>>> print(open('my_file.cif').read())   # mmCIF, C-alpha atoms and all ligand atoms
data_final
#
loop_
_atom_site.label_atom_id
_atom_site.label_comp_id
_atom_site.auth_asym_id
_atom_site.auth_seq_id
_atom_site.Cartn_x
_atom_site.Cartn_y
_atom_site.Cartn_z
CA MET A 69 -11.22 20.72 -21.08
CA THR A 70 -10.60 19.58 -17.51
CA VAL A 71 -12.34 16.32 -16.78
CA ARG A 72 -14.04 16.06 -13.41
CA TRP A 73 -13.55 12.90 -11.36
CA ASP A 74 -15.36 11.86 -8.19
CA ILE A 75 -13.61 9.20 -6.09
CA PHE A 76 -15.59 7.56 -3.30
CA CYS A 77 -13.86 5.94 -0.35
CA THR A 78 -15.35 4.26 2.68
CA VAL A 79 -12.77 3.52 5.34
CA VAL A 80 -13.60 -0.09 6.17
CA ASP A 81 -10.55 -0.86 8.23
CA ASN A 82 -7.08 0.61 8.83
CA PHE A 83 -5.46 2.87 6.27
CA GLY A 84 -5.39 1.07 2.93
CA ASP A 85 -8.71 2.36 1.59
CA ILE A 86 -7.82 5.99 2.16
CA GLY A 87 -4.13 5.35 1.42
CA VAL A 88 -4.88 4.15 -2.10
CA THR A 89 -7.57 6.69 -2.98
CA TRP A 90 -5.59 9.66 -1.64
CA ARG A 91 -2.58 8.61 -3.67
CA LEU A 92 -4.67 8.15 -6.79
CA ALA A 93 -6.50 11.46 -6.35
CA ARG A 94 -3.24 13.41 -6.04
CA GLN A 95 -1.75 11.72 -9.05
CA LEU A 96 -4.77 12.39 -11.27
CA VAL A 97 -4.50 16.08 -10.36
CA ALA A 98 -0.72 16.41 -10.60
CA GLU A 99 -0.07 14.34 -13.70
CA HIS A 100 -3.31 14.33 -15.67
CA ARG A 101 -4.76 17.73 -14.76
CA CYS A 102 -8.06 16.20 -13.67
CA ALA A 103 -10.38 18.02 -11.27
CA VAL A 104 -10.79 15.52 -8.46
CA ARG A 105 -13.19 15.38 -5.55
CA LEU A 106 -12.32 12.72 -3.00
CA TRP A 107 -15.31 11.71 -0.88
CA VAL A 108 -14.21 10.09 2.38
CA ASP A 109 -16.46 8.94 5.20
CA ASP A 110 -13.75 8.95 7.90
CA LEU A 111 -11.49 11.97 8.02
CA ARG A 112 -9.75 10.76 11.20
CA ALA A 113 -8.11 7.85 9.38
CA PHE A 114 -7.18 10.29 6.61
CA GLU A 115 -5.58 12.66 9.13
CA ARG A 116 -3.03 9.99 10.08
CA LEU A 117 -1.67 9.94 6.52
CA CYS A 118 -2.10 13.65 5.92
CA PRO A 119 -1.90 15.67 9.15
CA GLU A 120 -2.99 18.89 7.36
CA ILE A 121 -6.53 17.54 7.11
CA ASP A 122 -9.01 19.53 9.18
CA ILE A 123 -11.45 16.88 10.33
CA THR A 124 -14.14 19.45 11.13
CA LEU A 125 -14.52 20.66 7.54
CA SER A 126 -17.04 19.24 5.13
CA GLU A 127 -14.93 20.45 2.21
CA GLN A 128 -11.28 21.47 1.87
CA TRP A 129 -8.45 21.60 -0.66
CA GLN A 130 -5.38 19.48 -0.07
CA GLN A 131 -2.60 19.27 -2.65
CA GLY A 132 -4.96 20.23 -5.45
CA VAL A 133 -7.60 17.68 -4.45
CA GLN A 134 -11.01 18.75 -3.24
CA VAL A 135 -11.43 16.59 -0.16
CA CYS A 136 -15.08 16.21 0.84
CA HIS A 137 -16.45 14.55 3.92
CA TRP A 138 -18.95 11.90 2.82
CA PRO A 139 -21.76 12.55 5.28
CA ALA A 140 -24.57 10.19 6.22
CA ASP A 141 -26.94 12.90 4.96
CA TRP A 142 -25.86 13.20 1.33
CA PRO A 143 -25.77 16.79 -0.02
CA SER A 144 -27.26 17.35 -3.43
CA THR A 145 -24.42 17.59 -5.95
CA GLU A 146 -23.83 17.21 -9.65
CA ALA A 147 -22.17 13.98 -10.75
CA ALA A 148 -18.73 14.11 -12.35
CA GLU A 149 -17.73 12.76 -15.80
CA VAL A 150 -15.77 9.91 -14.20
CA VAL A 151 -16.89 8.21 -11.01
CA ILE A 152 -14.76 5.77 -9.06
CA ALA A 153 -16.17 3.62 -6.30
CA ALA A 154 -13.13 2.33 -4.47
CA PHE A 155 -13.12 -1.24 -3.22
CA ALA A 156 -16.75 -1.88 -4.14
CA CYS A 157 -18.14 0.84 -1.88
CA GLN A 158 -21.82 1.61 -2.33
CA LEU A 159 -22.48 5.10 -3.71
CA PRO A 160 -25.20 7.27 -2.14
CA ALA A 161 -28.56 6.64 -3.85
CA ALA A 162 -29.02 10.35 -4.59
CA TYR A 163 -25.60 10.46 -6.26
CA MET A 164 -26.54 7.50 -8.45
CA ASP A 165 -29.63 9.43 -9.50
CA ALA A 166 -27.42 12.43 -10.22
CA MET A 167 -25.25 10.20 -12.44
CA ALA A 168 -28.33 9.02 -14.31
CA ALA A 169 -29.60 12.61 -14.64
CA ARG A 170 -26.50 13.77 -16.52
CA PRO A 171 -27.12 14.57 -20.20
CA THR A 172 -24.31 12.11 -21.03
CA ALA A 173 -23.76 9.19 -18.70
CA PRO A 174 -20.54 9.25 -16.69
CA LEU A 175 -17.91 6.54 -16.77
CA TRP A 176 -18.51 4.60 -13.56
CA MET A 177 -15.82 2.23 -12.34
CA ASN A 178 -15.21 0.02 -9.40
CA LEU A 179 -11.57 0.20 -8.41
CA ASP A 180 -11.03 -3.30 -7.08
CA TYR A 181 -8.65 -4.91 -4.62
CA LEU A 182 -5.18 -5.81 -5.76
CA SER A 183 -4.65 -9.44 -6.61
CA ALA A 184 -2.09 -11.42 -8.61
CA GLU A 185 -4.63 -14.14 -9.41
CA ASP A 186 -4.94 -15.00 -13.12
CA TRP A 187 -8.71 -14.47 -13.30
CA VAL A 188 -8.13 -10.75 -12.77
CA ILE A 189 -6.82 -10.41 -16.34
CA GLY A 190 -10.06 -11.83 -17.73
CA CYS A 191 -12.26 -9.55 -15.63
CA HIS A 192 -10.37 -6.27 -15.84
CA GLY A 193 -12.36 -3.68 -17.81
CA LEU A 194 -15.50 -5.81 -18.12
CA PRO A 195 -18.95 -4.26 -17.64
CA SER A 196 -20.47 -4.88 -14.25
CA VAL A 197 -23.96 -3.79 -13.13
CA LYS A 198 -26.06 -0.98 -14.60
CA TYR A 199 -27.96 1.73 -12.78
CA LYS A 200 -30.65 3.05 -15.12
CA GLN A 201 -28.59 3.78 -18.27
CA VAL A 202 -25.30 4.15 -16.38
CA GLN A 203 -22.94 1.21 -16.86
CA LYS A 204 -20.41 0.28 -14.23
CA TYR A 205 -17.05 -1.32 -15.13
CA PHE A 206 -14.56 -3.42 -13.21
CA PHE A 207 -11.11 -1.93 -12.95
CA PHE A 208 -8.51 -4.25 -11.46
CA PRO A 209 -5.04 -3.23 -10.39
CA GLY A 210 -2.48 -5.93 -10.96
CA PHE A 211 1.02 -7.10 -11.73
CA GLN A 212 0.53 -8.54 -15.19
CA GLU A 213 -0.23 -7.25 -18.62
CA GLY A 214 -3.97 -7.04 -19.12
CA THR A 215 -4.59 -5.58 -15.65
CA GLY A 216 -4.82 -1.94 -14.55
CA GLY A 217 -1.27 -1.94 -13.15
CA LEU A 218 -0.03 -0.39 -9.90
CA LEU A 219 -0.07 3.13 -8.52
CA ARG A 220 3.29 4.72 -9.29
CA GLU A 221 3.87 8.46 -9.42
CA ALA A 222 6.00 9.94 -12.20
CA GLY A 223 9.67 10.08 -11.21
CA LEU A 224 9.17 7.86 -8.16
CA LEU A 225 11.96 5.42 -8.97
CA GLU A 226 14.37 8.21 -9.83
CA ARG A 227 13.67 9.91 -6.50
CA ARG A 228 14.15 6.62 -4.75
CA ARG A 229 17.42 5.94 -6.57
CA GLN A 230 18.83 9.33 -5.64
CA PHE A 231 17.82 8.91 -2.01
CA GLN A 232 19.29 5.42 -1.78
CA GLN A 233 22.55 6.70 -3.23
CA ASP A 234 22.74 9.55 -0.73
CA PRO A 235 23.85 8.34 2.73
CA THR A 236 23.61 11.87 4.15
CA ALA A 237 19.99 12.31 3.08
CA GLN A 238 19.18 8.92 4.62
CA ARG A 239 20.99 9.73 7.85
CA LEU A 240 19.21 13.08 8.18
CA PHE A 241 15.86 11.51 7.44
CA LEU A 242 16.38 8.78 10.04
CA GLN A 243 17.68 11.31 12.57
CA GLY A 244 14.44 13.23 12.08
CA LEU A 245 12.68 10.10 13.33
CA GLY A 246 15.12 9.72 16.21
CA VAL A 247 16.91 6.79 14.58
CA GLU A 248 20.69 6.41 14.85
CA ARG A 249 21.68 3.48 12.71
CA ALA A 250 24.70 1.52 13.91
CA PRO A 251 27.11 1.14 10.92
CA GLU A 252 27.02 -2.66 10.69
CA SER A 253 23.39 -3.18 11.56
CA CYS A 254 20.73 -4.34 9.17
CA LEU A 255 17.75 -1.99 9.16
CA ILE A 256 14.26 -3.50 9.02
CA SER A 257 10.88 -1.79 9.00
CA LEU A 258 7.97 -3.68 10.51
CA PHE A 259 4.39 -2.76 9.61
CA ALA A 260 2.10 -5.70 10.32
CA TYR A 261 -1.09 -6.90 11.94
CA GLU A 262 -1.00 -8.90 15.18
CA ASN A 263 1.22 -11.91 14.50
CA ALA A 264 1.96 -14.95 16.64
CA GLY A 265 5.09 -15.60 14.56
CA LEU A 266 6.77 -12.39 15.74
CA ALA A 267 8.38 -13.83 18.89
CA SER A 268 10.25 -16.54 16.98
CA TRP A 269 11.40 -14.05 14.33
CA PHE A 270 12.68 -11.64 16.99
CA ASP A 271 14.34 -14.55 18.86
CA ALA A 272 16.15 -15.52 15.67
CA MET A 273 17.39 -11.97 15.09
CA ALA A 274 18.39 -11.44 18.72
CA SER A 275 20.43 -14.62 18.95
CA GLY A 276 22.75 -14.25 15.95
CA VAL A 277 26.02 -12.43 15.26
CA GLN A 278 24.54 -9.94 12.79
CA SER A 279 22.95 -6.95 14.48
CA PHE A 280 19.45 -5.92 13.47
CA HIS A 281 17.64 -2.66 14.07
CA VAL A 282 13.89 -3.07 13.69
CA LEU A 283 11.79 0.07 13.27
CA VAL A 284 8.14 -0.38 14.19
CA PRO A 285 5.68 2.38 13.28
CA GLU A 286 2.94 2.70 15.92
CA GLY A 287 0.20 0.24 15.21
CA ARG A 288 -1.39 -3.14 15.66
CA VAL A 289 1.75 -5.27 15.97
CA LEU A 290 2.99 -3.38 19.05
CA GLY A 291 1.16 -5.73 21.44
CA ASP A 292 3.26 -8.66 20.20
CA VAL A 293 6.41 -6.55 20.42
CA GLU A 294 5.57 -5.62 24.02
CA ARG A 295 5.00 -9.26 24.94
CA TRP A 296 8.32 -10.27 23.40
CA LEU A 297 10.20 -7.49 25.16
CA GLY A 298 8.32 -8.03 28.40
CA VAL A 299 7.40 -4.35 28.70
CA ASP A 300 4.08 -2.53 28.81
CA GLY A 301 2.89 0.61 27.09
CA LEU A 302 5.44 0.90 24.28
CA GLY A 303 5.19 4.35 22.78
CA VAL A 304 6.86 6.40 20.07
CA GLY A 305 10.59 6.70 20.70
CA ALA A 306 10.83 3.57 22.87
CA LEU A 307 14.10 1.77 22.18
CA HIS A 308 15.07 -1.63 23.57
CA ARG A 309 17.99 -3.97 23.01
CA ARG A 310 17.92 -7.72 23.35
CA GLY A 311 21.07 -9.49 22.19
CA ALA A 312 21.79 -8.54 18.58
CA LEU A 313 18.37 -6.98 18.13
CA THR A 314 17.42 -3.35 18.69
CA VAL A 315 13.71 -2.55 18.53
CA GLN A 316 12.53 1.02 18.16
CA VAL A 317 9.02 2.43 17.95
CA LEU A 318 8.46 5.13 15.34
CA PRO A 319 5.61 7.56 14.90
CA PHE A 320 3.13 6.89 12.12
CA VAL A 321 4.43 9.28 9.45
CA ARG A 322 3.07 10.95 6.30
CA GLN A 323 2.87 8.75 3.21
CA ASP A 324 5.93 10.28 1.52
CA GLN A 325 8.00 9.83 4.67
CA TYR A 326 6.88 6.23 4.92
CA ASP A 327 8.25 5.76 1.40
CA GLN A 328 11.59 7.14 2.54
CA LEU A 329 11.59 4.83 5.51
CA LEU A 330 11.10 1.86 3.16
CA TRP A 331 13.92 3.16 0.93
CA CYS A 332 16.31 3.36 3.90
CA CYS A 333 15.69 -0.17 5.12
CA ASP A 334 17.45 -3.33 3.95
CA PHE A 335 14.30 -5.36 4.46
CA ASN A 336 10.67 -4.30 4.85
CA ALA A 337 7.80 -6.14 6.46
CA VAL A 338 4.58 -4.66 5.09
CA ARG A 339 0.89 -5.45 5.02
CA GLY A 340 -2.45 -4.79 3.32
CA GLU A 341 -2.25 -3.34 -0.14
CA ASP A 342 -0.63 0.08 -0.38
CA SER A 343 2.41 -0.48 1.85
CA PHE A 344 2.89 -3.78 0.00
CA VAL A 345 3.15 -1.95 -3.33
CA ARG A 346 5.35 0.80 -1.89
CA ALA A 347 7.78 -1.81 -0.56
CA GLN A 348 8.05 -3.21 -4.09
CA TRP A 349 8.95 0.25 -5.40
CA ALA A 350 11.63 0.43 -2.68
CA GLY A 351 13.50 -2.31 -4.56
CA ARG A 352 14.39 -4.14 -1.36
CA PRO A 353 13.41 -7.63 -0.15
CA LEU A 354 10.05 -7.68 1.60
CA LEU A 355 7.75 -9.76 3.72
CA TRP A 356 4.01 -9.38 3.14
CA HIS A 357 1.40 -9.75 5.85
CA ILE A 358 -1.68 -10.01 3.70
CA TYR A 359 -5.02 -8.63 4.89
CA GLN A 360 -7.02 -11.54 6.27
CA GLN A 361 -10.30 -12.33 4.55
CA GLU A 362 -13.18 -14.66 5.26
CA GLU A 363 -12.78 -18.34 4.33
CA ASP A 364 -9.04 -17.76 3.95
CA VAL A 365 -9.42 -16.44 0.41
CA HIS A 366 -6.42 -14.24 1.14
CA LEU A 367 -4.21 -17.33 1.13
CA GLU A 368 -5.01 -17.93 -2.55
CA LYS A 369 -4.00 -14.35 -3.24
CA LEU A 370 -0.80 -14.86 -1.33
CA ASP A 371 0.02 -18.01 -3.33
CA ALA A 372 -0.78 -16.27 -6.60
CA PHE A 373 1.59 -13.43 -5.80
CA LEU A 374 4.32 -15.79 -4.64
CA ARG A 375 4.03 -17.80 -7.87
CA LEU A 376 4.58 -14.66 -9.87
CA TYR A 377 7.14 -13.00 -7.66
CA THR A 378 9.43 -15.99 -7.23
CA GLN A 379 9.78 -16.66 -10.98
CA GLY A 380 13.42 -16.35 -11.91
CA LEU A 381 14.72 -16.96 -8.38
CA ASP A 382 16.95 -19.98 -7.88
CA GLU A 383 15.50 -22.90 -5.95
CA ALA A 384 16.99 -22.05 -2.55
CA ALA A 385 15.83 -18.43 -2.67
CA GLN A 386 12.40 -19.52 -3.87
CA LYS A 387 12.11 -21.96 -1.02
CA ALA A 388 13.28 -19.34 1.47
CA ILE A 389 10.78 -16.70 0.42
CA ASN A 390 7.87 -19.14 0.15
CA GLY A 391 8.63 -20.55 3.59
CA LEU A 392 9.09 -17.17 5.22
CA TRP A 393 5.95 -15.57 3.79
CA LYS A 394 3.75 -18.58 4.51
CA ALA A 395 5.01 -18.95 8.08
CA TRP A 396 4.45 -15.23 8.74
CA ASN A 397 0.93 -15.34 7.35
CA ALA A 398 0.09 -18.43 9.38
CA GLY A 399 1.62 -16.98 12.57
CA GLN A 400 4.01 -19.93 12.70
CA ASP A 401 7.58 -20.37 13.85
CA MET A 402 9.87 -18.16 11.75
CA THR A 403 13.25 -19.35 13.03
CA GLU A 404 14.41 -21.61 10.21
CA HIS A 405 12.66 -19.60 7.50
CA TRP A 406 14.36 -16.40 8.61
CA LYS A 407 17.76 -18.12 8.65
CA MET A 408 17.21 -19.39 5.11
CA ALA A 409 16.00 -16.01 3.88
CA TRP A 410 18.94 -14.25 5.50
CA GLU A 411 21.35 -16.61 3.72
CA GLN A 412 19.68 -15.69 0.45
CA ARG A 413 19.71 -11.93 1.10
CA GLN A 414 22.01 -11.08 -1.80
CA GLU A 415 19.90 -12.90 -4.35
CA LEU A 416 16.68 -11.59 -2.80
CA THR A 417 17.96 -8.01 -2.98
CA GLU A 418 18.93 -8.31 -6.64
CA HIS A 419 15.61 -9.93 -7.36
CA ALA A 420 13.68 -7.15 -5.60
CA GLN A 421 15.39 -4.61 -7.85
CA ALA A 422 14.69 -6.59 -11.00
CA TRP A 423 11.05 -7.12 -9.99
CA CYS A 424 10.65 -3.40 -9.32
CA LEU A 425 12.01 -2.49 -12.76
CA GLU A 426 9.85 -5.06 -14.49
CA GLN A 427 6.73 -3.72 -12.75
CA ALA A 428 7.72 -0.15 -13.55
CA SER A 429 7.96 -1.00 -17.25
CA ARG A 430 4.13 -1.23 -17.34
CA PRO A 431 1.77 1.76 -17.40
CA ASP A 432 0.86 2.94 -13.92
CA LEU A 433 -2.68 2.67 -12.59
CA ALA A 434 -3.59 6.37 -12.85
CA ALA A 435 -2.43 6.48 -16.48
CA ALA A 436 -4.35 3.28 -17.17
CA LEU A 437 -7.53 4.77 -15.70
CA VAL A 438 -7.18 7.90 -17.82
CA LYS A 439 -6.58 5.78 -20.92
CA PHE A 440 -9.62 3.66 -20.10
CA TYR A 441 -11.70 6.83 -19.94
CA LEU A 442 -10.28 8.21 -23.21
CA ASN A 443 -11.00 4.93 -25.00
CA TRP A 444 -14.49 4.86 -23.55
CA ILE A 445 -15.66 8.36 -24.64
O1 LIG B 1 -3.56 -0.26 6.84
P1 LIG B 1 -3.72 -1.45 5.98
O2 LIG B 1 -3.86 -2.71 6.65
O3 LIG B 1 -4.95 -1.16 5.12
C1 LIG B 1 -5.83 -1.92 4.32
C2 LIG B 1 -7.24 -1.76 4.83
O4 LIG B 1 -7.36 -2.49 5.98
C3 LIG B 1 -8.22 -2.20 3.82
O5 LIG B 1 -9.51 -2.32 4.39
C4 LIG B 1 -7.81 -3.49 3.17
O6 LIG B 1 -8.68 -3.74 2.13
C5 LIG B 1 -6.41 -3.35 2.67
O7 LIG B 1 -5.54 -3.08 3.76
C6 LIG B 1 -5.93 -4.52 1.90
O8 LIG B 1 -2.48 -1.57 4.94
P2 LIG B 1 -2.06 -0.70 3.67
O9 LIG B 1 -2.92 -1.01 2.51
O10 LIG B 1 -0.64 -0.94 3.49
O11 LIG B 1 -2.28 0.80 4.09
C7 LIG B 1 -1.46 1.50 4.97
C8 LIG B 1 -1.29 2.93 4.51
O12 LIG B 1 -0.67 3.70 5.53
C9 LIG B 1 -0.41 3.07 3.27
O13 LIG B 1 -0.93 4.08 2.43
C10 LIG B 1 0.93 3.52 3.84
C11 LIG B 1 0.46 4.36 4.99
N1 LIG B 1 1.43 4.60 6.07
C12 LIG B 1 1.82 5.90 6.32
O14 LIG B 1 1.44 6.83 5.58
N2 LIG B 1 2.66 6.12 7.35
C13 LIG B 1 3.13 5.15 8.15
O15 LIG B 1 3.90 5.42 9.09
C14 LIG B 1 2.73 3.81 7.87
C15 LIG B 1 3.25 2.68 8.71
C16 LIG B 1 1.86 3.57 6.83
#
>>> encode(input="my_file.cif", output="structure tokens")
Amino acid sequence: MTVRWDIFCTVVDNFGDIGVTWRLARQLVAEHRCAVRLWVDDLRAFERLCPEIDITLSEQWQQGVQVCHWPADWPSTEAAEVVIAAFACQLPAAYMDAMAARPTAPLWMNLDYLSAEDWVIGCHGLPSVKYKQVQKYFFFPGFQEGTGGLLREAGLLERRRQFQQDPTAQRLFLQGLGVERAPESCLISLFAYENAGLASWFDAMASGVQSFHVLVPEGRVLGDVERWLGVDGLGVGALHRRGALTVQVLPFVRQDQYDQLLWCCDFNAVRGEDSFVRAQWAGRPLLWHIYQQEEDVHLEKLDAFLRLYTQGLDEAAQKAINGLWKAWNAGQDMTEHWKMAWEQRQELTEHAQAWCLEQASRPDLAAALVKFYLNWI
């Protein structure tokens, strides 16, 4: 029998909330034959990742997922067998009553934020609050055994491998975005929040012998790029050269195209949660701009990930990656850190591949959720 799942997503900020839930919803349908309704309060953010979305509809089907606008005025609806509140979002009161009114209580889970901190292992799968007789559980994604794992679609790494071994496919893909890669240049994607460290990083790339081609999808970091270039109103397609550095603005593309962009690049600067994970599946060295939280709690998360990620790297590469990531996240001078990281590029590339394979040896998050449900019933 098909199990019905309701996934609730409030778009708090940017694209990570919808990015993660949309990915999960599609995977539950495609790989686990679940019937999924995805409730989203902001269809405009969704439209950026999935241009087929009709933002005027209260209900529509997209890739097998029933996408429902989560209105302020909640419509009466039956609760599903499995209910996921993404990132601790608060479910509508009437829906909670509908959960409690079911003859058998649903499995209710909070899909939490991704963190490499050790405490996550102890908390993953634990009961949280109760509403009437309905028990809520914590479900934590993560990088270590004992967590819920990471979102990874079936066959993803194989698709990536084929693409990375096919220069023609890469060239055609990049051409579709208006990118002509110079043969000797190093390709970098840059998806980040505003960052005061950008000017020193760009200076370092512009002043060397190696040529760099930085691809910047439209977004929050463009202001810093404009200031560095000394131009106003950078838009999609803009292309500027300064010394050894070429900077090009790309459109914000669909999620699967963003994956391909990451696969094409030699180095990826990413942010938030979902692009961070996708860059790991790309098997290429990365730089993470973590989402800033109150009281700097994000810095503990950053340290926890670095501790895990740098295991097995030799001392120089460890130092390089620690220095680079911390400088970037503090908006500090990147010059020396970039030089050190660049010197370590071979080791960092091999390490990125090994890390990706190690992570892919664990069950993926959608499979872990389904297993959690099957163990629970
Ligand atoms: O956009 P983000 O910063 O999003 C989030 C949210 O802010 C959220 O509130 C916060 O909790 C979380 O960060 C940690 O970064 P993220 O998570 O990487 O999401 C971006 C999504 O956009 C991801 O699914 C990839 C996608 N994307 C595209 O589909 N096309 C593109 O061109 C680009 C650049 C990204």
>>> closest_residue(input="my_file.cif", among="A:Ser268, A:Ser253, A:Thr314, A:Ser275", to="A:Trp296", atoms="all atoms listed in the file")
A:Ser268
>>> residues_around(input="my_file.cif", residues="A:Arg229", least_positions_apart="3", cutoff="12 Å", atoms="all atoms listed in the file", output="ChimeraX atom specification")
/A:223-226,232-235,237-238,328,331-332,349-352,421,424-425
>>> residues_around(input="my_file.cif", residues="A:Ala264", least_positions_apart="5", cutoff="9 Å", atoms="only C-alpha atoms", output="PyMOL selection string")
chain A and resi 292+396+398-401
>>> atom_distance(input="my_file.cif", atom1="atom CA of A:Cys118", atom2="atom C2 of ligand LIG 1 (chain B)")
16.3 Å
>>> residues_near_ligand(input="my_file.cif", ligand="ligand LIG 1 (chain B)", cutoff="9 Å", atoms="only C-alpha atoms and all ligand atoms", output="ChimeraX atom specification")
/A:78-91,116-118,155,181-182,257-261,284-287,318-327,329,338-346,357-360
>>> write_last_selection(input="my_file.cif", atoms="C-alpha atoms", output="PDB file, in the frame of the given file")
ATOM      1  CA  THR A  78     -15.350   4.260   2.680  1.00  0.00           C
ATOM      2  CA  VAL A  79     -12.770   3.520   5.340  1.00  0.00           C
ATOM      3  CA  VAL A  80     -13.600  -0.090   6.170  1.00  0.00           C
ATOM      4  CA  ASP A  81     -10.550  -0.860   8.230  1.00  0.00           C
ATOM      5  CA  ASN A  82      -7.080   0.610   8.830  1.00  0.00           C
ATOM      6  CA  PHE A  83      -5.460   2.870   6.270  1.00  0.00           C
ATOM      7  CA  GLY A  84      -5.390   1.070   2.930  1.00  0.00           C
ATOM      8  CA  ASP A  85      -8.710   2.360   1.590  1.00  0.00           C
ATOM      9  CA  ILE A  86      -7.820   5.990   2.160  1.00  0.00           C
ATOM     10  CA  GLY A  87      -4.130   5.350   1.420  1.00  0.00           C
ATOM     11  CA  VAL A  88      -4.880   4.150  -2.100  1.00  0.00           C
ATOM     12  CA  THR A  89      -7.570   6.690  -2.980  1.00  0.00           C
ATOM     13  CA  TRP A  90      -5.590   9.660  -1.640  1.00  0.00           C
ATOM     14  CA  ARG A  91      -2.580   8.610  -3.670  1.00  0.00           C
ATOM     15  CA  ARG A 116      -3.030   9.990  10.080  1.00  0.00           C
ATOM     16  CA  LEU A 117      -1.670   9.940   6.520  1.00  0.00           C
ATOM     17  CA  CYS A 118      -2.100  13.650   5.920  1.00  0.00           C
ATOM     18  CA  PHE A 155     -13.120  -1.240  -3.220  1.00  0.00           C
ATOM     19  CA  TYR A 181      -8.650  -4.910  -4.620  1.00  0.00           C
ATOM     20  CA  LEU A 182      -5.180  -5.810  -5.760  1.00  0.00           C
ATOM     21  CA  SER A 257      10.880  -1.790   9.000  1.00  0.00           C
ATOM     22  CA  LEU A 258       7.970  -3.680  10.510  1.00  0.00           C
ATOM     23  CA  PHE A 259       4.390  -2.760   9.610  1.00  0.00           C
ATOM     24  CA  ALA A 260       2.100  -5.700  10.320  1.00  0.00           C
ATOM     25  CA  TYR A 261      -1.090  -6.900  11.940  1.00  0.00           C
ATOM     26  CA  VAL A 284       8.140  -0.380  14.190  1.00  0.00           C
ATOM     27  CA  PRO A 285       5.680   2.380  13.280  1.00  0.00           C
ATOM     28  CA  GLU A 286       2.940   2.700  15.920  1.00  0.00           C
ATOM     29  CA  GLY A 287       0.200   0.240  15.210  1.00  0.00           C
ATOM     30  CA  LEU A 318       8.460   5.130  15.340  1.00  0.00           C
ATOM     31  CA  PRO A 319       5.610   7.560  14.900  1.00  0.00           C
ATOM     32  CA  PHE A 320       3.130   6.890  12.120  1.00  0.00           C
ATOM     33  CA  VAL A 321       4.430   9.280   9.450  1.00  0.00           C
ATOM     34  CA  ARG A 322       3.070  10.950   6.300  1.00  0.00           C
ATOM     35  CA  GLN A 323       2.870   8.750   3.210  1.00  0.00           C
ATOM     36  CA  ASP A 324       5.930  10.280   1.520  1.00  0.00           C
ATOM     37  CA  GLN A 325       8.000   9.830   4.670  1.00  0.00           C
ATOM     38  CA  TYR A 326       6.880   6.230   4.920  1.00  0.00           C
ATOM     39  CA  ASP A 327       8.250   5.760   1.400  1.00  0.00           C
ATOM     40  CA  LEU A 329      11.590   4.830   5.510  1.00  0.00           C
ATOM     41  CA  VAL A 338       4.580  -4.660   5.090  1.00  0.00           C
ATOM     42  CA  ARG A 339       0.890  -5.450   5.020  1.00  0.00           C
ATOM     43  CA  GLY A 340      -2.450  -4.790   3.320  1.00  0.00           C
ATOM     44  CA  GLU A 341      -2.250  -3.340  -0.140  1.00  0.00           C
ATOM     45  CA  ASP A 342      -0.630   0.080  -0.380  1.00  0.00           C
ATOM     46  CA  SER A 343       2.410  -0.480   1.850  1.00  0.00           C
ATOM     47  CA  PHE A 344       2.890  -3.780   0.000  1.00  0.00           C
ATOM     48  CA  VAL A 345       3.150  -1.950  -3.330  1.00  0.00           C
ATOM     49  CA  ARG A 346       5.350   0.800  -1.890  1.00  0.00           C
ATOM     50  CA  HIS A 357       1.400  -9.750   5.850  1.00  0.00           C
ATOM     51  CA  ILE A 358      -1.680 -10.010   3.700  1.00  0.00           C
ATOM     52  CA  TYR A 359      -5.020  -8.630   4.890  1.00  0.00           C
ATOM     53  CA  GLN A 360      -7.020 -11.540   6.270  1.00  0.00           C
TER      54      GLN A 360
END
>>> atom_distance(input="my_file.cif", atom1="atom CA of A:Tyr205", atom2="atom CA of A:Gln427")
24.0 Å
>>> atom_distance(input="my_file.cif", atom1="atom CA of A:Gln316", atom2="atom CA of A:Glu418")
27.3 Å
>>> closest_atom_pairs(input="my_file.cif", of="stretch 197-262 of chain A", to="stretch 157-174 of chain A", cutoff="7 Å", atoms="all atoms listed in the file", output="CSV")
residue,atom,partner,partner_atom,distance
A:Lys200,CA,A:Ala168,CA,6.5
A:Gln201,CA,A:Ala168,CA,6.6
A:Val202,CA,A:Ala173,CA,5.8
>>> closest_residue(input="my_file.cif", among="A:Leu376, A:Gly311, A:Val150, A:Glu262", to="A:Ile445", atoms="all atoms listed in the file")
A:Val150
>>> residues_near_point(input="my_file.cif", point="(3.4, -17.6, 5.7)", cutoff="12 Å", atoms="all atoms listed in the file", output="NGL selection string")
:A and (263-266 or 355-358 or 366-368 or 370-371 or 374 or 387-402 or 405-406)
>>> residues_near_point(input="my_file.cif", point="(-9.2, 8.9, -16.7)", cutoff="10 Å", atoms="only C-alpha atoms", output="MDAnalysis selection string")
chainID A and resid 71:73 96 100 102 149:152 175 433:444
>>> residues_around(input="my_file.cif", residues="A:Ala156", least_positions_apart="5", cutoff="8 Å", atoms="all atoms listed in the file", output="ChimeraX atom specification")
/A:178-180
>>> residues_around(input="my_file.cif", residues="A:Val188", least_positions_apart="4", cutoff="9 Å", atoms="all atoms listed in the file", output="MDAnalysis selection string")
chainID A and resid 183:184 192 208:210 214:215
>>> closest_residue(input="my_file.cif", among="A:Pro353, A:Gly305, A:Gly217, A:Pro431", to="A:Arg413", atoms="all atoms listed in the file")
A:Pro353
